[in-house]
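Participant: Provided below: final.tsv, containing TSV, C-alpha atoms.
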```tsv
chain	number	residue	atom	x	y	z
A	1	ALA	CA	5.79	16.55	30.28
A	2	GLN	CA	6.16	12.77	30.30
A	3	LEU	CA	2.75	12.26	28.67
A	4	HIS	CA	3.65	14.89	26.07
A	5	SER	CA	6.83	13.01	25.19
A	6	ASP	CA	5.15	9.57	25.30
A	7	LEU	CA	2.39	10.69	22.96
A	8	ILE	CA	4.82	12.13	20.42
A	9	GLU	CA	6.88	8.94	20.45
A	10	ALA	CA	3.80	6.74	20.15
A	11	ALA	CA	2.41	8.86	17.32
A	12	GLU	CA	5.77	8.72	15.55
A	13	ARG	CA	5.86	4.91	15.80
A	14	ARG	CA	2.31	4.63	14.49
A	15	ILE	CA	2.90	7.03	11.61
A	16	ALA	CA	6.12	5.19	10.71
A	17	ALA	CA	4.25	1.87	10.69
A	18	ASP	CA	0.87	2.78	9.20
A	19	GLY	CA	1.03	6.33	7.80
A	20	VAL	CA	-0.28	9.63	9.10
A	21	ASN	CA	-3.81	9.08	7.83
A	22	GLN	CA	-4.23	6.02	10.05
A	23	LEU	CA	-3.37	7.84	13.27
A	24	ARG	CA	-6.24	7.64	15.79
A	25	ALA	CA	-6.46	9.21	19.24
A	26	ARG	CA	-8.09	6.11	20.72
A	27	ASP	CA	-5.17	3.91	19.59
A	28	LEU	CA	-2.63	6.36	21.00
A	29	ALA	CA	-4.45	6.57	24.32
A	30	LYS	CA	-4.47	2.79	24.62
A	31	GLU	CA	-0.79	2.53	23.74
A	32	VAL	CA	0.42	5.10	26.27
A	33	GLY	CA	-2.12	4.16	28.94
A	34	CYS	CA	-4.16	7.34	29.18
A	35	SER	CA	-7.67	8.46	28.33
A	36	VAL	CA	-8.52	10.06	24.99
A	37	GLY	CA	-9.38	13.22	26.93
A	38	ALA	CA	-5.88	13.31	28.42
A	39	ILE	CA	-4.45	13.65	24.91
A	40	TYR	CA	-6.46	16.82	24.42
A	41	ASN	CA	-5.25	18.17	27.76
A	42	VAL	CA	-1.70	17.95	26.39
A	43	PHE	CA	-2.31	18.84	22.73
A	44	GLU	CA	-4.92	21.20	21.35
A	45	ASP	CA	-5.90	18.62	18.75
A	46	LEU	CA	-4.49	15.67	16.83
A	47	ASP	CA	-3.11	18.09	14.21
A	48	ALA	CA	-0.90	19.68	16.86
A	49	LEU	CA	0.46	16.26	17.84
A	50	ILE	CA	1.16	15.42	14.20
A	51	LEU	CA	3.00	18.72	13.79
A	52	HIS	CA	5.30	17.73	16.66
A	53	VAL	CA	6.04	14.42	14.93
A	54	SER	CA	6.66	16.29	11.67
A	55	ALA	CA	9.07	18.61	13.45
A	56	ARG	CA	11.01	15.59	14.70
A	57	THR	CA	11.09	14.16	11.18
A	58	LEU	CA	12.42	17.45	9.80
A	59	ARG	CA	15.11	17.50	12.50
A	60	ARG	CA	16.13	13.96	11.52
A	61	ILE	CA	16.41	14.99	7.87
A	62	ASP	CA	18.34	18.08	8.96
A	63	ASP	CA	20.75	15.97	11.04
A	64	ALA	CA	21.30	13.56	8.15
A	65	MET	CA	21.96	16.42	5.72
A	66	GLN	CA	24.32	18.09	8.19
A	67	LEU	CA	26.24	14.82	8.53
A	68	ALA	CA	26.37	14.42	4.74
A	69	GLY	CA	27.85	17.90	4.39
A	70	ASP	CA	30.31	17.35	7.24
A	71	ASN	CA	31.42	13.96	5.89
A	72	ASN	CA	32.04	15.26	2.39
A	73	ASN	CA	35.69	16.27	2.42
A	74	THR	CA	35.69	17.47	-1.17
A	75	ALA	CA	36.34	21.08	-2.03
A	76	ASP	CA	33.84	20.83	-4.87
A	77	PRO	CA	30.45	22.24	-3.80
A	78	VAL	CA	28.63	20.27	-6.50
A	79	ASP	CA	29.73	17.04	-4.80
A	80	ILE	CA	28.23	18.32	-1.55
A	81	MET	CA	24.97	19.09	-3.34
A	82	VAL	CA	24.89	15.60	-4.88
A	83	ALA	CA	25.61	14.08	-1.44
A	84	LEU	CA	22.70	16.08	0.03
A	85	THR	CA	20.44	14.75	-2.72
A	86	GLU	CA	21.52	11.18	-2.04
A	87	THR	CA	21.00	11.71	1.69
A	88	TYR	CA	17.45	12.97	1.14
A	89	LEU	CA	16.64	10.02	-1.13
A	90	LYS	CA	18.06	7.54	1.39
A	91	PHE	CA	16.08	9.09	4.24
A	92	VAL	CA	12.89	8.88	2.21
A	93	GLN	CA	13.52	5.26	1.26
A	94	GLU	CA	14.23	4.28	4.88
A	95	ASN	CA	11.49	6.41	6.51
A	96	THR	CA	8.81	6.55	3.85
A	97	ASN	CA	5.74	6.89	6.07
A	98	LEU	CA	7.31	9.56	8.30
A	99	TRP	CA	8.39	11.48	5.21
A	100	ARG	CA	4.94	11.12	3.65
A	101	GLY	CA	3.47	12.40	6.90
A	102	LEU	CA	5.15	15.74	6.22
A	103	PHE	CA	3.19	16.13	3.00
A	104	ASP	CA	0.09	13.93	3.38
A	105	HIS	CA	-1.12	15.58	6.56
A	106	ILE	CA	-3.59	18.26	5.47
A	107	LEU	CA	-4.45	20.92	8.01
A	108	PRO	CA	-7.76	22.77	8.04
A	109	MET	CA	-7.64	25.94	5.92
A	110	ASP	CA	-7.96	28.21	8.96
A	111	TYR	CA	-5.34	26.38	11.06
A	112	LEU	CA	-2.76	28.80	12.42
A	113	LEU	CA	0.70	27.30	12.17
A	114	PRO	CA	2.92	28.00	15.16
A	115	GLU	CA	6.08	29.93	14.30
A	116	TRP	CA	8.30	26.99	15.28
A	117	VAL	CA	6.66	24.92	12.53
A	118	THR	CA	7.37	27.49	9.83
A	119	LYS	CA	10.99	27.88	10.93
A	120	GLY	CA	11.44	24.11	10.97
A	121	GLN	CA	10.19	23.80	7.41
A	122	HIS	CA	12.79	26.24	6.11
A	123	ILE	CA	15.80	24.93	8.01
A	124	LEU	CA	16.71	22.32	5.38
A	125	PHE	CA	17.35	24.92	2.71
A	126	ARG	CA	20.47	26.21	4.45
A	127	HIS	CA	22.27	22.98	3.53
A	128	ILE	CA	21.67	23.73	-0.15
A	129	GLU	CA	22.42	27.44	0.12
A	130	MET	CA	25.95	26.92	1.46
A	131	PRO	CA	27.42	25.02	-1.52
A	132	LEU	CA	25.14	26.86	-3.98
A	133	ARG	CA	26.73	30.17	-2.97
A	134	ALA	CA	29.96	29.03	-4.68
A	135	TYR	CA	28.13	29.14	-8.01
A	136	MET	CA	26.10	32.26	-7.27
A	137	PRO	CA	28.53	34.55	-5.40
A	138	GLU	CA	26.76	37.73	-6.48
A	139	ALA	CA	23.26	36.50	-5.64
A	140	SER	CA	21.24	38.30	-3.01
A	141	PRO	CA	20.18	36.30	0.04
A	142	GLU	CA	16.63	36.29	-1.35
A	143	LYS	CA	17.74	34.90	-4.74
A	144	LEU	CA	19.91	32.28	-3.06
A	145	SER	CA	16.97	31.26	-0.87
A	146	LEU	CA	14.61	31.02	-3.82
A	147	THR	CA	17.09	29.00	-5.87
A	148	SER	CA	17.75	26.57	-3.03
A	149	ARG	CA	14.00	26.10	-2.57
A	150	MET	CA	13.60	25.53	-6.31
A	151	LEU	CA	16.35	22.89	-6.27
A	152	PHE	CA	14.84	21.21	-3.22
A	153	SER	CA	11.42	21.22	-4.91
A	154	SER	CA	12.91	19.67	-8.05
A	155	VAL	CA	14.62	16.89	-6.12
A	156	HIS	CA	11.58	16.37	-3.93
A	157	GLY	CA	9.33	16.12	-7.00
A	158	VAL	CA	11.52	13.45	-8.57
A	159	VAL	CA	11.73	11.52	-5.30
A	160	SER	CA	8.01	11.86	-4.64
A	161	LEU	CA	6.90	10.69	-8.08
A	162	THR	CA	9.36	7.81	-7.93
A	163	MET	CA	8.25	6.71	-4.45
A	164	GLU	CA	4.59	6.89	-5.51
A	165	LYS	CA	5.47	4.75	-8.54
A	166	ARG	CA	3.86	7.27	-10.86
A	167	ILE	CA	4.28	6.83	-14.58
A	168	SER	CA	6.36	10.02	-14.66
A	169	GLY	CA	8.56	8.77	-11.82
A	170	LEU	CA	11.93	7.19	-12.38
A	171	PRO	CA	12.86	3.53	-12.01
A	172	GLN	CA	14.10	2.89	-8.46
A	173	ASP	CA	17.46	1.67	-9.74
A	174	LYS	CA	18.02	4.86	-11.77
A	175	VAL	CA	16.78	7.62	-9.45
A	176	ARG	CA	20.08	8.17	-7.65
A	177	GLU	CA	22.13	8.70	-10.80
A	178	GLU	CA	19.42	10.83	-12.42
A	179	LEU	CA	19.24	13.09	-9.38
A	180	ALA	CA	23.02	13.52	-9.57
A	181	PHE	CA	22.60	14.36	-13.26
A	182	LEU	CA	19.95	16.95	-12.39
A	183	ILE	CA	22.25	18.69	-9.90
A	184	THR	CA	25.41	18.56	-12.00
A	185	THR	CA	23.56	19.80	-15.08
A	186	PHE	CA	22.05	22.68	-13.11
A	187	VAL	CA	25.48	23.64	-11.78
A	188	ALA	CA	26.99	23.37	-15.28
A	189	GLY	CA	24.34	25.82	-16.44
A	190	LEU	CA	25.30	28.25	-13.68
A	191	ASN	CA	28.98	27.90	-14.60
A	192	ALA	CA	28.23	28.57	-18.27
A	193	LYS	CA	26.79	32.02	-17.48
```
Can you give me the file's structure in the form of structure tokens?
Facilitator:
Amino acid sequence: AQLHSDLIEAAERRIAADGVNQLRARDLAKEVGCSVGAIYNVFEDLDALILHVSARTLRRIDDAMQLAGDNNNTADPVDIMVALTETYLKFVQENTNLWRGLFDHILPMDYLLPEWVTKGQHILFRHIEMPLRAYMPEASPEKLSLTSRMLFSSVHGVVSLTMEKRISGLPQDKVREELAFLITTFVAGLNAK
């Protein structure tokens, strides 16, 4: 159990510093003081270890979003949604390599994801669904889920293109206000129906 924990923490530090694509079993073994073979006694493969780090990253995003929702004393759900957007952007800016590890790590096509991974990936959407329900009171749970995922994907796309400094990305000093504009405009469209 201690080696399991040590390896996850070491992998997280290395991913945070150098990115997920630079993670090497030999470096981890040296850092935690074990053999390379010992890593594979604890984890099926390096992908499994990376998935544990990704799960921790998702929990950290989840905790930050929960705090943003809890700290927003406004009765206006759109303000909560904007705060969630700002929280996501801030997390990405402060933890870029860990965040990139969620999306840059490519699993083999036949890799079977454990159920806990799939559940962890969907947990963030509940933060969006709660305030979104105020604007879609008649929506089915499926529609609400799809809409929250679409909003997350929109925000994530803007953040991702901006962080990658793509030509279609936004200037760093404008991304926050433009994300707020995206959310408020979307909500205005819902209110106009």
Participant: Each residue of region 123-193 of chain A with at least one atom at most 12 Å from region 72-80 of chain A should appear once, together with its nearest atom pair and the corresponding distance in Å (one decimal); atoms considered: only C-alpha atoms; ordering: chain, then increasing residue number; output as a tab-separated table.
Facilitator:
```
residue	atom	partner	partner_atom	distance
A:His127	CA	A:Ile80	CA	9.1
A:Ile128	CA	A:Ile80	CA	8.6
A:Glu129	CA	A:Pro77	CA	10.3
A:Met130	CA	A:Pro77	CA	8.4
A:Pro131	CA	A:Pro77	CA	4.7
A:Leu132	CA	A:Pro77	CA	7.0
A:Arg133	CA	A:Pro77	CA	8.8
A:Ala134	CA	A:Pro77	CA	6.9
A:Tyr135	CA	A:Pro77	CA	8.4
A:Met136	CA	A:Pro77	CA	11.5
A:Ala180	CA	A:Asp79	CA	9.0
A:Phe181	CA	A:Val78	CA	10.8
A:Leu182	CA	A:Val78	CA	11.0
A:Ile183	CA	A:Val78	CA	7.4
A:Thr184	CA	A:Val78	CA	6.6
A:Thr185	CA	A:Val78	CA	10.0
A:Phe186	CA	A:Val78	CA	9.6
A:Val187	CA	A:Val78	CA	7.0
A:Ala188	CA	A:Val78	CA	9.5
A:Leu190	CA	A:Val78	CA	11.2
A:Asn191	CA	A:Val78	CA	11.1
```
Participant: Skipping near chain neighbours, those fewer than 2 positions away, what residues fall within 12 Å of Gln66 (chain A) using only C-alpha atoms, listed as a PyMOL selection string?
Facilitator: chain A and resi 59-64+68-72+80-81+83-84+87-88+123-128+130
Participant: Could you tell me which of A:Val32, A:Phe103, A:Lys90, A:Tyr111 comes closest to Gly157 (chain A) if we count all atoms listed in the file?
Facilitator: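 Closest residue, counting all atoms listed in the file: A:Phe103.
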Participant: Can you tell me how far CA of Arg24 (chain A) sits from CA of Met109 (chain A), in Å to one decimal?
Facilitator: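 That distance, rounded to one decimal, is 20.8 Å.
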Participant: Would you mind reading off the distance between CA of Ala192 (chain A) and CA of His156 (chain A), one decimal, in Å?
Facilitator: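 It comes out at 25.1 Å.
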Participant: Could you work out how far CA of Leu179 (chain A) lies from CA of Leu67 (chain A), giving the answer in Å with one decimal?
Facilitator: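 Value for the CA of Leu67 (chain A)-CA of Leu179 (chain A) distance: 19.3 Å.
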Participant: Taking into account all atoms listed in the file, which residue in the set A:Pro114, A:Glu138, A:Glu86, A:Trp99 is nearest to Arg176 (chain A)?
Facilitator: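 Smallest separation from Arg176 (chain A) among the options: A:Glu86.
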Participant: For Leu146 (chain A), please output as an MDAnalysis selection string all residues within 12 Å (counting only C-alpha atoms; exclusion window: fewer than 2 positions along the same chain).
Facilitator: chainID A and resid 122 125:126 128:129 132 139:144 148:153
Participant: Mind completing region 44-60 of chain A with N, CA and C atoms? Output as a CSV table (one decimal), keeping the file's coordinate frame, please?
Facilitator:
```csv
chain,number,residue,atom,x,y,z
A,44,GLU,N,-3.7,20.5,21.7
A,44,GLU,CA,-4.9,21.2,21.4
A,44,GLU,C,-5.8,20.3,20.5
A,45,ASP,N,-5.2,19.6,19.6
A,45,ASP,CA,-5.9,18.6,18.8
A,45,ASP,C,-4.9,17.6,18.2
A,46,LEU,N,-5.4,16.7,17.4
A,46,LEU,CA,-4.5,15.7,16.8
A,46,LEU,C,-3.5,16.3,15.8
A,47,ASP,N,-4.0,17.4,15.2
A,47,ASP,CA,-3.1,18.1,14.2
A,47,ASP,C,-1.9,18.6,14.9
A,48,ALA,N,-2.0,19.1,16.1
A,48,ALA,CA,-0.9,19.7,16.9
A,48,ALA,C,0.1,18.6,17.2
A,49,LEU,N,-0.4,17.4,17.5
A,49,LEU,CA,0.5,16.3,17.8
A,49,LEU,C,1.2,15.8,16.6
A,50,ILE,N,0.5,15.8,15.5
A,50,ILE,CA,1.2,15.4,14.2
A,50,ILE,C,2.2,16.4,13.8
A,51,LEU,N,2.0,17.7,14.1
A,51,LEU,CA,3.0,18.7,13.8
A,51,LEU,C,4.3,18.5,14.6
A,52,HIS,N,4.1,18.0,15.8
A,52,HIS,CA,5.3,17.7,16.7
A,52,HIS,C,6.1,16.6,16.1
A,53,VAL,N,5.4,15.5,15.6
A,53,VAL,CA,6.0,14.4,14.9
A,53,VAL,C,6.7,14.9,13.7
A,54,SER,N,6.1,15.7,12.9
A,54,SER,CA,6.7,16.3,11.7
A,54,SER,C,7.9,17.1,12.0
A,55,ALA,N,7.9,17.8,13.1
A,55,ALA,CA,9.1,18.6,13.4
A,55,ALA,C,10.2,17.7,13.8
A,56,ARG,N,10.0,16.6,14.4
A,56,ARG,CA,11.0,15.6,14.7
A,56,ARG,C,11.6,15.0,13.4
A,57,THR,N,10.7,14.7,12.5
A,57,THR,CA,11.1,14.2,11.2
A,57,THR,C,12.0,15.2,10.4
A,58,LEU,N,11.6,16.4,10.4
A,58,LEU,CA,12.4,17.4,9.8
A,58,LEU,C,13.8,17.6,10.5
A,59,ARG,N,13.8,17.5,11.8
A,59,ARG,CA,15.1,17.5,12.5
A,59,ARG,C,16.0,16.3,12.1
A,60,ARG,N,15.4,15.1,11.9
A,60,ARG,CA,16.1,14.0,11.5
A,60,ARG,C,16.7,14.1,10.1
```
